[in-house]
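> This is structure_22.cif, which holds mmCIF, C-alpha atoms and all ligand atoms:
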```
data_structure
loop_
_atom_site.label_atom_id
_atom_site.label_comp_id
_atom_site.auth_asym_id
_atom_site.auth_seq_id
_atom_site.Cartn_x
_atom_site.Cartn_y
_atom_site.Cartn_z
CA MET A 753 -13.72 -4.02 -30.82
CA SER A 754 -12.90 -2.51 -34.18
CA THR A 755 -9.87 -4.35 -35.65
CA PRO A 756 -8.31 -7.68 -34.78
CA GLU A 757 -4.65 -6.88 -35.54
CA GLU A 758 -2.02 -7.00 -32.84
CA ALA A 759 -1.59 -3.90 -30.69
CA ASP A 760 1.76 -2.65 -29.42
CA VAL A 761 0.27 -2.56 -25.95
CA LEU A 762 -2.62 -4.73 -24.80
CA VAL A 763 -4.05 -3.42 -21.53
CA VAL A 764 -6.23 -5.69 -19.36
CA GLY A 765 -8.44 -3.43 -17.24
CA GLY A 766 -9.92 -0.12 -18.35
CA GLY A 767 -10.07 1.54 -14.92
CA PRO A 768 -8.04 4.68 -14.10
CA ALA A 769 -4.66 2.90 -14.22
CA GLY A 770 -5.36 1.11 -17.51
CA LEU A 771 -6.80 4.20 -19.19
CA ALA A 772 -3.96 6.43 -17.96
CA THR A 773 -1.47 3.88 -19.33
CA ALA A 774 -3.35 3.80 -22.64
CA VAL A 775 -3.33 7.60 -22.89
CA ALA A 776 0.36 7.88 -21.96
CA CYS A 777 1.33 5.14 -24.46
CA ARG A 778 -0.72 6.64 -27.31
CA ARG A 779 0.94 9.99 -26.71
CA ARG A 780 4.22 8.19 -27.33
CA GLY A 781 2.94 6.78 -30.62
CA LEU A 782 2.14 3.21 -29.50
CA GLU A 783 -0.98 1.37 -30.72
CA VAL A 784 -3.09 0.46 -27.70
CA LEU A 785 -6.00 -1.90 -27.12
CA VAL A 786 -7.82 -1.88 -23.74
CA ALA A 787 -10.01 -4.82 -22.68
CA ASP A 788 -12.37 -4.55 -19.71
CA ARG A 789 -15.10 -6.86 -18.45
CA SER A 790 -17.39 -3.85 -17.79
CA ALA A 791 -18.47 -0.89 -19.91
CA PRO A 792 -18.12 2.84 -19.27
CA PRO A 793 -18.72 4.74 -17.15
CA ILE A 794 -17.32 2.30 -14.58
CA ASP A 795 -17.99 2.88 -10.87
CA LYS A 796 -15.89 1.49 -8.03
CA PRO A 797 -15.70 1.77 -4.23
CA CYS A 798 -13.36 4.68 -3.64
CA GLY A 799 -12.88 7.77 -1.47
CA GLU A 800 -12.81 9.69 -4.78
CA GLY A 801 -10.22 12.19 -3.57
CA LEU A 802 -7.41 13.16 -5.92
CA MET A 803 -4.42 14.49 -4.00
CA PRO A 804 -2.67 17.54 -5.51
CA ASP A 805 -0.05 15.43 -7.31
CA GLY A 806 -2.88 13.33 -8.76
CA VAL A 807 -4.52 16.51 -10.07
CA ARG A 808 -1.20 17.46 -11.65
CA ALA A 809 -0.73 14.00 -13.20
CA LEU A 810 -4.22 14.16 -14.70
CA ALA A 811 -3.31 17.49 -16.32
CA GLU A 812 -0.06 15.98 -17.60
CA LEU A 813 -2.13 13.25 -19.28
CA GLY A 814 -4.23 15.97 -20.92
CA VAL A 815 -7.42 14.83 -19.17
CA THR A 816 -9.89 17.64 -18.54
CA LEU A 817 -12.97 17.29 -16.39
CA PRO A 818 -16.07 19.42 -17.02
CA PRO A 819 -16.14 22.26 -14.43
CA ASP A 820 -19.04 20.76 -12.46
CA ALA A 821 -17.72 17.17 -12.58
CA GLY A 822 -15.94 17.36 -9.25
CA ARG A 823 -15.44 19.52 -6.20
CA PRO A 824 -12.06 20.89 -5.09
CA PHE A 825 -11.00 20.40 -1.47
CA ARG A 826 -8.63 22.74 0.33
CA GLY A 827 -7.09 20.35 2.79
CA ILE A 828 -7.62 17.56 5.28
CA ARG A 829 -9.28 17.65 8.70
CA TYR A 830 -8.68 14.94 11.30
CA VAL A 831 -11.46 14.50 13.86
CA GLY A 832 -11.46 12.15 16.84
CA ASP A 833 -10.71 11.64 20.54
CA GLY A 834 -12.01 15.13 21.29
CA VAL A 835 -9.62 16.73 18.79
CA SER A 836 -10.18 18.48 15.47
CA VAL A 837 -7.20 19.68 13.46
CA ARG A 838 -6.95 20.77 9.84
CA ALA A 839 -4.42 22.02 7.32
CA ASP A 840 -4.49 23.35 3.76
CA PHE A 841 -2.51 22.00 0.84
CA PRO A 842 0.07 24.71 0.15
CA GLU A 843 -0.55 25.33 -3.58
CA VAL A 844 -2.78 23.04 -5.61
CA ARG A 845 -6.14 21.94 -4.23
CA GLY A 846 -7.23 18.33 -4.17
CA LEU A 847 -10.21 17.28 -6.26
CA ALA A 848 -13.09 15.00 -5.24
CA VAL A 849 -14.81 13.46 -8.24
CA ARG A 850 -17.37 10.66 -8.51
CA ARG A 851 -15.75 7.66 -10.12
CA PRO A 852 -18.09 7.36 -13.12
CA ARG A 853 -17.35 11.02 -14.00
CA LEU A 854 -13.61 10.50 -13.70
CA HIS A 855 -13.92 7.35 -15.77
CA ALA A 856 -15.91 9.13 -18.49
CA ALA A 857 -13.25 11.86 -18.75
CA LEU A 858 -10.44 9.29 -19.02
CA VAL A 859 -12.33 7.33 -21.68
CA ASP A 860 -12.97 10.54 -23.69
CA ARG A 861 -9.28 11.41 -23.61
CA ALA A 862 -8.22 7.88 -24.63
CA ARG A 863 -10.79 7.81 -27.45
CA GLU A 864 -9.64 11.22 -28.71
CA LEU A 865 -6.09 9.83 -28.98
CA GLY A 866 -7.19 6.73 -30.91
CA VAL A 867 -7.03 4.05 -28.22
CA ARG A 868 -9.09 0.99 -29.19
CA PHE A 869 -11.45 -0.66 -26.70
CA ALA A 870 -12.93 -4.07 -26.08
CA TRP A 871 -15.60 -3.36 -23.43
CA ARG A 872 -17.68 -6.14 -21.84
CA THR A 873 -14.76 -8.46 -22.47
CA PRO A 874 -13.69 -10.47 -19.43
CA VAL A 875 -10.15 -11.77 -19.85
CA ARG A 876 -10.02 -15.48 -18.97
CA GLY A 877 -6.33 -16.30 -19.14
CA LEU A 878 -2.98 -15.62 -20.76
CA THR A 879 -1.89 -17.04 -24.11
CA ALA A 880 1.54 -17.09 -25.76
CA ARG A 881 0.73 -13.90 -27.70
CA GLY A 882 -1.80 -12.14 -25.48
CA VAL A 883 -4.97 -13.07 -23.62
CA ALA A 884 -7.96 -15.38 -24.03
CA THR A 885 -11.47 -13.95 -24.07
CA ASP A 886 -14.88 -15.49 -24.82
CA GLY A 887 -14.68 -13.88 -28.27
CA GLY A 888 -11.20 -15.25 -29.06
CA GLU A 889 -7.61 -14.20 -28.54
CA LEU A 890 -6.43 -10.59 -28.19
CA THR A 891 -2.76 -10.06 -28.87
CA GLY A 892 -0.19 -7.43 -28.03
CA ARG A 893 3.56 -7.06 -28.07
CA TRP A 894 3.41 -5.88 -24.45
CA LEU A 895 0.77 -6.98 -21.96
CA VAL A 896 -0.22 -4.58 -19.18
CA GLY A 897 -2.16 -5.89 -16.16
CA ALA A 898 -4.30 -2.98 -14.90
CA ASP A 899 -6.99 -5.24 -13.51
CA GLY A 900 -7.16 -3.90 -9.99
CA LEU A 901 -6.62 -5.01 -6.40
CA HIS A 902 -7.17 -8.75 -6.98
CA SER A 903 -5.41 -8.80 -10.34
CA ARG A 904 -5.60 -12.05 -12.21
CA VAL A 905 -2.89 -11.00 -14.64
CA ARG A 906 -0.63 -10.68 -11.58
CA ARG A 907 -1.53 -14.21 -10.46
CA TRP A 908 -1.34 -15.76 -13.94
CA SER A 909 2.10 -14.20 -14.43
CA GLY A 910 3.39 -15.61 -11.15
CA LEU A 911 3.98 -12.10 -9.74
CA ASP A 912 1.77 -12.48 -6.62
CA ALA A 913 3.44 -12.39 -3.23
CA ALA A 914 1.95 -13.13 0.21
CA SER A 915 0.25 -10.26 2.03
CA ARG A 916 1.78 -9.29 5.37
CA ARG A 917 -0.88 -7.28 7.17
CA PRO A 918 -4.11 -8.12 9.01
CA ALA A 919 -7.15 -7.76 6.76
CA ARG A 920 -8.53 -4.24 6.16
CA PHE A 921 -11.61 -3.39 4.14
CA GLY A 922 -13.47 -0.37 2.76
CA VAL A 923 -17.07 0.48 1.86
CA ARG A 924 -18.53 3.68 0.48
CA ARG A 925 -21.93 5.39 0.15
CA HIS A 926 -23.21 8.74 -1.22
CA TYR A 927 -25.88 11.04 0.23
CA ARG A 928 -27.97 13.79 -1.38
CA MET A 929 -27.05 16.87 0.67
CA PRO A 930 -24.86 19.97 0.32
CA PRO A 931 -21.31 19.39 1.64
CA TRP A 932 -20.68 21.10 5.00
CA SER A 933 -16.91 21.44 4.53
CA ASP A 934 -14.25 22.32 1.94
CA ASP A 935 -11.95 19.67 3.44
CA VAL A 936 -11.86 15.93 3.25
CA GLU A 937 -12.67 14.92 6.82
CA VAL A 938 -11.14 11.86 8.40
CA HIS A 939 -12.97 10.73 11.56
CA TRP A 940 -11.01 8.32 13.74
CA ALA A 941 -12.45 5.61 15.99
CA ASP A 942 -11.07 2.28 17.27
CA ARG A 943 -9.81 0.35 14.24
CA CYS A 944 -12.11 2.27 11.89
CA GLU A 945 -11.89 5.55 9.94
CA ALA A 946 -14.69 7.46 8.22
CA TYR A 947 -13.77 9.64 5.23
CA VAL A 948 -16.22 12.38 4.27
CA TRP A 949 -15.99 14.49 1.14
CA GLY A 950 -18.13 16.78 -0.95
CA ALA A 951 -18.43 15.18 -4.40
CA ALA A 952 -20.65 17.89 -5.94
CA ALA A 953 -22.84 20.84 -4.87
CA ASP A 954 -25.47 18.42 -3.51
CA GLU A 955 -23.52 15.19 -2.95
CA VAL A 956 -21.58 13.98 0.06
CA GLY A 957 -19.55 10.77 -0.07
CA VAL A 958 -18.64 8.70 2.99
CA ALA A 959 -16.15 5.82 2.98
CA MET A 960 -15.46 3.56 5.93
CA LEU A 961 -12.11 1.83 6.25
CA TRP A 962 -11.65 -0.72 9.00
CA SER A 963 -9.60 -3.61 10.36
CA GLY A 964 -11.00 -7.01 11.28
CA GLU A 965 -14.05 -8.92 10.10
CA LYS A 966 -16.31 -7.92 7.21
CA ALA A 967 -19.01 -5.44 8.32
CA GLY A 968 -21.88 -3.39 6.92
CA PHE A 969 -21.87 0.39 6.40
CA ASP A 970 -24.53 1.17 9.05
CA ALA A 971 -22.81 -0.87 11.77
CA LEU A 972 -19.57 0.98 11.02
CA LEU A 973 -21.29 4.39 10.92
CA ALA A 974 -22.66 3.71 14.42
CA ARG A 975 -19.06 3.96 15.69
CA PHE A 976 -19.20 7.70 14.81
CA PRO A 977 -22.29 9.02 16.65
CA GLY A 978 -21.73 12.67 15.61
CA LEU A 979 -21.45 11.79 11.93
CA GLU A 980 -24.32 9.32 12.15
CA ALA A 981 -26.57 12.06 13.61
CA ARG A 982 -25.55 14.50 10.88
CA LEU A 983 -26.41 12.01 8.12
CA ALA A 984 -29.62 10.70 9.70
CA GLY A 985 -32.64 10.94 7.41
CA THR A 986 -30.57 12.09 4.41
CA PRO A 987 -31.45 10.31 1.14
CA ARG A 988 -28.84 7.85 -0.10
CA ILE A 989 -27.98 8.16 -3.77
CA SER A 990 -25.66 5.20 -4.30
CA ARG A 991 -25.56 1.52 -3.51
CA ASP A 992 -23.03 0.55 -0.81
CA ARG A 993 -19.93 -0.87 -2.45
CA GLY A 994 -17.08 -2.54 -0.64
CA ALA A 995 -13.54 -3.70 -1.37
CA GLY A 996 -10.72 -5.59 0.29
CA PRO A 997 -8.72 -7.10 1.80
CA PHE A 998 -6.36 -4.26 0.88
CA ASP A 999 -2.84 -5.53 1.38
CA GLN A 1000 -1.76 -7.09 -1.93
CA ARG A 1001 1.91 -7.64 -2.65
CA VAL A 1002 3.95 -8.31 -5.77
CA ARG A 1003 7.28 -10.03 -6.29
CA SER A 1004 7.96 -7.50 -9.05
CA PRO A 1005 5.78 -5.12 -11.10
CA CYS A 1006 6.95 -6.77 -14.33
CA ALA A 1007 8.31 -9.98 -15.83
CA GLY A 1008 9.20 -10.66 -19.45
CA ARG A 1009 6.73 -8.73 -21.59
CA VAL A 1010 4.12 -8.35 -18.81
CA ALA A 1011 3.90 -5.20 -16.66
CA LEU A 1012 1.48 -4.36 -13.84
CA VAL A 1013 0.13 -0.89 -13.08
CA GLY A 1014 -2.19 0.69 -10.48
CA ASP A 1015 -3.60 -1.54 -7.73
CA ALA A 1016 -2.51 -4.60 -9.73
CA ALA A 1017 1.12 -3.53 -9.21
CA GLY A 1018 0.69 -3.92 -5.42
CA TYR A 1019 -1.47 -2.12 -2.90
CA ARG A 1020 -1.10 -1.39 0.80
CA ASP A 1021 -4.11 0.54 2.09
CA ALA A 1022 -6.61 3.28 1.28
CA ILE A 1023 -5.84 5.15 4.52
CA THR A 1024 -3.85 7.87 2.72
CA GLY A 1025 -6.23 8.10 -0.27
CA GLU A 1026 -3.69 8.24 -3.04
CA GLY A 1027 -4.20 5.10 -5.13
CA LEU A 1028 -5.30 7.20 -8.10
CA ALA A 1029 -2.33 9.58 -7.99
CA LEU A 1030 0.01 6.62 -7.74
CA ALA A 1031 -1.70 4.85 -10.65
CA PHE A 1032 -1.34 7.92 -12.89
CA HIS A 1033 2.33 8.37 -12.07
CA GLN A 1034 3.02 4.66 -12.62
CA ALA A 1035 1.22 4.87 -15.96
CA LEU A 1036 3.45 7.75 -17.08
CA ALA A 1037 6.57 5.84 -16.00
CA LEU A 1038 5.41 2.63 -17.66
CA ALA A 1039 4.68 4.37 -20.96
CA ARG A 1040 8.23 5.77 -20.97
CA CYS A 1041 9.60 2.24 -20.56
CA LEU A 1042 7.31 0.69 -23.18
CA ALA A 1043 8.10 3.41 -25.72
CA GLY A 1044 11.79 2.73 -25.13
CA GLY A 1045 11.16 -1.00 -25.61
CA ASP A 1046 12.73 -1.81 -22.24
CA LEU A 1047 10.90 -2.69 -19.01
CA ARG A 1048 14.06 -2.97 -16.91
CA PRO A 1049 13.81 0.58 -15.43
CA TYR A 1050 10.17 0.06 -14.42
CA PRO A 1051 10.63 -1.74 -11.05
CA ARG A 1052 12.94 1.00 -9.86
CA ALA A 1053 10.45 3.68 -10.99
CA VAL A 1054 7.68 1.92 -9.06
CA ARG A 1055 9.87 1.70 -5.94
CA ARG A 1056 10.64 5.41 -6.19
CA LEU A 1057 6.97 6.35 -6.67
CA THR A 1058 5.74 4.18 -3.79
CA ARG A 1059 8.40 5.16 -1.22
CA ARG A 1060 6.62 8.24 0.18
CA PRO A 1061 3.04 6.88 0.08
CA TYR A 1062 4.10 3.61 1.70
CA LEU A 1063 5.92 5.47 4.47
CA PHE A 1064 2.78 7.48 5.31
CA ILE A 1065 0.64 4.34 5.14
CA ARG A 1066 2.98 2.53 7.57
CA LEU A 1067 2.86 5.45 10.01
CA LEU A 1068 -0.91 5.83 9.90
CA LEU A 1069 -1.55 2.08 10.16
CA ALA A 1070 0.75 1.93 13.19
CA ALA A 1071 -1.41 4.60 14.84
CA GLU A 1072 -4.62 2.92 13.63
CA ALA A 1073 -3.66 -0.39 15.21
CA ARG A 1074 -3.10 1.10 18.70
CA PRO A 1075 -5.80 3.42 20.09
CA ALA A 1076 -3.32 5.01 22.54
CA ALA A 1077 -0.91 5.80 19.68
CA ARG A 1078 -3.79 7.19 17.61
CA ARG A 1079 -4.82 9.50 20.48
CA ARG A 1080 -1.23 10.67 20.89
CA MET A 1081 -0.93 11.28 17.13
CA LEU A 1082 -4.11 13.38 17.03
CA ARG A 1083 -3.06 15.37 20.07
CA ALA A 1084 0.44 15.95 18.68
CA LEU A 1085 -1.01 17.28 15.40
CA ALA A 1086 -3.59 19.44 17.20
CA ALA A 1087 -0.83 20.93 19.32
CA SER A 1088 1.15 21.73 16.19
CA PRO A 1089 -1.08 22.51 13.18
CA GLU A 1090 2.01 23.81 11.38
CA LEU A 1091 3.52 20.32 11.61
CA PHE A 1092 0.29 18.85 10.22
CA ALA A 1093 0.48 21.33 7.31
CA ARG A 1094 4.06 20.30 6.62
CA LEU A 1095 3.12 16.60 6.64
CA LEU A 1096 0.17 17.30 4.34
CA ALA A 1097 2.37 19.18 1.87
CA ILE A 1098 4.70 16.16 1.73
CA HIS A 1099 1.81 13.71 1.53
CA GLY A 1100 0.18 15.64 -1.34
CA GLY A 1101 3.47 15.53 -3.28
CA GLU A 1102 3.92 19.31 -3.06
CA ARG A 1103 7.05 19.24 -0.87
CA PRO A 1104 9.87 16.71 -0.58
CA LEU A 1105 10.16 14.48 2.48
CA SER A 1106 13.24 16.41 3.55
CA THR A 1107 11.07 19.45 4.41
CA LEU A 1108 9.84 17.58 7.50
CA GLY A 1109 13.33 18.17 8.87
CA TRP A 1110 14.78 16.86 12.09
CA SER A 1111 12.73 19.31 14.15
CA GLY A 1112 9.46 18.09 12.59
CA ALA A 1113 10.40 14.42 12.95
CA TRP A 1114 11.43 15.07 16.58
CA ARG A 1115 8.17 16.89 17.41
CA LEU A 1116 6.16 14.09 15.82
CA ALA A 1117 8.12 11.38 17.65
CA ARG A 1118 7.85 13.31 20.96
CA GLY A 1119 4.09 13.75 20.51
CA LEU A 1120 3.64 10.06 19.72
CA ALA A 1121 5.67 9.06 22.76
CA ALA A 1122 3.92 11.47 25.17
CA PRO A 1123 1.88 9.84 27.95
CA PRO A 1124 -1.88 10.45 27.82
CA PRO A 1125 -3.11 13.44 29.90
CA ARG A 1126 -4.75 12.61 33.26
C1 LIG B 1 -12.85 2.37 0.12
C2 LIG B 1 -11.75 2.89 -0.76
C3 LIG B 1 -11.43 4.23 -0.71
C4 LIG B 1 -10.43 4.74 -1.55
N1 LIG B 1 -10.18 6.06 -1.54
C5 LIG B 1 -9.31 6.60 -2.41
C6 LIG B 1 -9.14 8.00 -2.51
O1 LIG B 1 -9.79 8.80 -1.83
N2 LIG B 1 -8.23 8.49 -3.41
C7 LIG B 1 -7.51 7.65 -4.20
O2 LIG B 1 -6.70 8.14 -4.97
N3 LIG B 1 -7.66 6.31 -4.14
C8 LIG B 1 -8.55 5.76 -3.28
N4 LIG B 1 -8.75 4.42 -3.25
C9 LIG B 1 -7.94 3.57 -4.14
C10 LIG B 1 -8.42 3.65 -5.59
O3 LIG B 1 -9.79 3.37 -5.66
C11 LIG B 1 -7.61 2.66 -6.44
O4 LIG B 1 -6.24 2.84 -6.16
C12 LIG B 1 -7.88 2.86 -7.94
O5 LIG B 1 -9.19 2.54 -8.27
C13 LIG B 1 -6.93 1.95 -8.75
O6 LIG B 1 -7.30 1.96 -10.09
P1 LIG B 1 -7.00 0.69 -11.01
O7 LIG B 1 -7.31 1.12 -12.38
O8 LIG B 1 -5.67 0.14 -10.67
O9 LIG B 1 -8.04 -0.43 -10.53
P2 LIG B 1 -9.64 -0.46 -10.72
O10 LIG B 1 -10.21 0.88 -10.57
O11 LIG B 1 -10.11 -1.54 -9.80
O12 LIG B 1 -9.84 -0.93 -12.23
C14 LIG B 1 -9.59 -2.26 -12.62
C15 LIG B 1 -10.37 -2.55 -13.89
O13 LIG B 1 -10.02 -3.86 -14.35
C16 LIG B 1 -11.19 -4.50 -14.83
N5 LIG B 1 -10.97 -5.95 -14.73
C17 LIG B 1 -10.65 -6.66 -13.62
N6 LIG B 1 -10.49 -7.95 -13.93
C18 LIG B 1 -10.70 -8.07 -15.28
C19 LIG B 1 -10.66 -9.15 -16.20
N7 LIG B 1 -10.38 -10.42 -15.82
N8 LIG B 1 -10.91 -8.90 -17.49
C20 LIG B 1 -11.21 -7.64 -17.91
N9 LIG B 1 -11.25 -6.58 -17.08
C21 LIG B 1 -11.00 -6.79 -15.79
C22 LIG B 1 -12.31 -3.98 -13.92
O14 LIG B 1 -13.57 -4.08 -14.54
C23 LIG B 1 -11.88 -2.53 -13.69
O15 LIG B 1 -12.47 -1.65 -14.63
C24 LIG B 1 -9.72 3.88 -2.41
C25 LIG B 1 -10.03 2.51 -2.44
C26 LIG B 1 -11.04 2.02 -1.63
C27 LIG B 1 -11.38 0.57 -1.71
#
```
Write the structure described by the file as structure tokens, please.


Amino acid sequence: MSTPEEADVLVVGGGPAGLATAVACRRRGLEVLVADRSAPPIDKPCGEGLMPDGVRALAELGVTLPPDAGRPFRGIRYVGDGVSVRADFPEVRGLAVRRPRLHAALVDRARELGVRFAWRTPVRGLTARGVATDGGELTGRWLVGADGLHSRVRRWSGLDAASRRPARFGVRRHYRMPPWSDDVEVHWADRCEAYVWGAAADEVGVAMLWSGEKAGFDALLARFPGLEARLAGTPRISRDRGAGPFDQRVRSPCAGRVALVGDAAGYRDAITGEGLALAFHQALALARCLAGGDLRPYPRAVRRLTRRPYLFIRLLLAAEARPAARRRMLRALAASPELFARLLAIHGGERPLSTLGWSGAWRLARGLAAPPPR
């Protein structure tokens, strides 16, 4: 860390949410100090897919990735129960990017703007003026908790609330092989989903999300025999990394001079793959509030930003929890790829929810209610 003086904004956690907040605050003229227990480039279990509105938010933050840092994806393909259905995003492509590469680009942008860093600095607790670390106190006028799913800043600030869903977990792995698709594939099985994406010209990432007890990657992969056969014998290029339980709630995303952002501000599930997009949009909203010296509009901004993602998460988790409902959902989408495309456009933030329309909602509801074929 370069200088000890108080920052305007002290950010605990230099992951995507903390760095995006730092960038957005610096662009508004605030002095920012970021403390993280690790050092860049930081990896993390993630499906590594940026939805189109996440790609847009990254551009709004002025973050540019080297051309070969990631791999665009055109849309999403659902596979399962004998069905395969896909749809394109209407305008902007999604972007799959390995977490260390995304992290490096965010750090570069923050550094360029003059953000100060305290890497390898675990934060141990809150103090009256900031936070306690092994090297002494760090102080800031505002304190931002961007310390992830199991945020301690959230707990220390009394902002934790009880989770309300059965436990869900995730684990990811990378393979050395050329991607076989320009989509992110989502394979569905009973209480388990496998996400597959091309992370570079010779890298394929696979993330498992599941409900129930903790489990290992290979046991989960065995639930998808087709995928398991395709990956058999392929060299692994990353260590398996897991996360969960996912459902983490907050009483409020801020209190006094403390604000939470990213996963720390509450998380539901990775099933829709938009934690990063949400974190970037929250960071932009939070910076507006901090620059105005008033956190009161922030909870409403967070509610507005989470409304659509949380709706999709609720719908997909309802299907995930009931195999019959999942089968009906997949069949309904396969019977109406145009409906899937409309849902994807809304999910990717490219169209408002209203474009689903009554006809779309009716077709979806009818498909979900249809009895299974004999
Ligand atoms: C399996 C899986 C798949 C996912 N797939 C996708 C996807 O495809 N697309 C997508 O957009 N999102 C996905 N997500 C969600 C996404 O990974 C998160 O939403 C995103 O990482 C949130 O960023 P963050 O900065 O809030 O938290 P993190 O990335 O967890 O960063 C938190 C930072 O805080 C630091 N920290 C924590 N505690 C302390 C402390 N006490 N002191 C100092 N530093 C501390 C950590 O070192 C870390 O750098 C997925 C998640 C999982 C688990």

> List the neighbours of Gly922 of chain A out to 12 Å using all atoms listed in the file; skip same-chain residues closer than 6 positions along the sequence, and give me the result as a PyMOL selection string.

chain A and resi 796-799+944-947+958-969+972+992-999+1021-1023+1025

> What is the atom CA of Asp1015 of chain A-atom CA of Ala1077 of chain A distance in Å, reported with one decimal?

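That distance, rounded to one decimal, is 28.5 Å.
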
> How many Å lie between atom CA of Leu1036 of chain A and atom CA of Arg1055 of chain A, rounded to one decimal?

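Computed distance, atom CA of Leu1036 of chain A to atom CA of Arg1055 of chain A, equals 14.2 Å.
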
> Work out how far apart atom O15 of ligand LIG 1 (chain B) and atom CA of Pro852 of chain A are and give it in Å to one decimal.

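Atom-to-atom, atom O15 of ligand LIG 1 (chain B) to atom CA of Pro852 of chain A, that is 10.7 Å.
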
> Using all atoms listed in the file, find each residue with an atom at most 7 Å away from ligand LIG 1 (chain B) and format the answer as a PyMOL selection string.

chain A and resi 764-770+787-790+794+796-803+873-876+898-901+903-904+922-924+959-961+994-996+1013-1016+1022+1025-1029+1031

> Looking at all atoms listed in the file, which of A:Gly957, A:Gly985, A:Gly882, A:Gly1100 is the one that sits closest to Gly827 of chain A?

A:Gly1100

> Using all atoms listed in the file, can you tell me which of A:Arg893, A:Arg1115, A:Arg925, A:Arg826 comes closest to Leu1042 of chain A?

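Among A:Arg893, A:Arg1115, A:Arg925, A:Arg826, it is A:Arg893 that comes nearest to Leu1042 of chain A.
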
> Neighbours of Val896 of chain A within 6 Å (all atoms listed in the file; same-chain residues fewer than 3 positions away dropped), as a PyMOL selection string?

chain A and resi 763+1010-1012

> Considering only C-alpha atoms, state which residue in the set A:Leu1057, A:Ala821, A:Val867, A:Leu1116 is at the smallest distance from Ala1086 of chain A.

A:Leu1116

> Start from the incomplete input, build N, CA and C atoms for segment 1063-1076 of chain A, and deliver everything as a short mmCIF file (atom, residue, chain, number, x, y, z; two decimals), in the coordinates of the input.


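Resulting contents of rebuild-v7.cif:
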```cif
data_model
loop_
_atom_site.label_atom_id
_atom_site.label_comp_id
_atom_site.auth_asym_id
_atom_site.auth_seq_id
_atom_site.Cartn_x
_atom_site.Cartn_y
_atom_site.Cartn_z
N LEU A 1063 5.45 5.00 3.16
CA LEU A 1063 5.92 5.47 4.47
C LEU A 1063 4.74 6.04 5.27
N PHE A 1064 3.93 6.89 4.62
CA PHE A 1064 2.78 7.48 5.31
C PHE A 1064 1.76 6.39 5.70
N ILE A 1065 1.58 5.43 4.82
CA ILE A 1065 0.64 4.34 5.14
C ILE A 1065 1.13 3.57 6.37
N ARG A 1066 2.43 3.26 6.40
CA ARG A 1066 2.98 2.53 7.57
C ARG A 1066 2.74 3.30 8.86
N LEU A 1067 3.02 4.62 8.81
CA LEU A 1067 2.86 5.45 10.01
C LEU A 1067 1.41 5.48 10.48
N LEU A 1068 0.50 5.71 9.52
CA LEU A 1068 -0.91 5.83 9.90
C LEU A 1068 -1.48 4.48 10.36
N LEU A 1069 -1.04 3.39 9.72
CA LEU A 1069 -1.55 2.08 10.16
C LEU A 1069 -1.01 1.72 11.54
N ALA A 1070 0.20 2.19 11.85
CA ALA A 1070 0.75 1.93 13.19
C ALA A 1070 -0.11 2.65 14.22
N ALA A 1071 -0.55 3.87 13.92
CA ALA A 1071 -1.41 4.60 14.84
C ALA A 1071 -2.80 3.96 14.89
N GLU A 1072 -3.27 3.52 13.72
CA GLU A 1072 -4.62 2.92 13.63
C GLU A 1072 -4.72 1.65 14.47
N ALA A 1073 -3.62 0.91 14.53
CA ALA A 1073 -3.66 -0.39 15.21
C ALA A 1073 -3.63 -0.25 16.73
N ARG A 1074 -3.22 0.93 17.23
CA ARG A 1074 -3.10 1.10 18.70
C ARG A 1074 -3.85 2.38 19.10
N PRO A 1075 -5.01 2.22 19.74
CA PRO A 1075 -5.80 3.42 20.09
C PRO A 1075 -4.99 4.46 20.86
N ALA A 1076 -4.09 4.02 21.76
CA ALA A 1076 -3.32 5.01 22.54
C ALA A 1076 -2.41 5.80 21.60
#
```
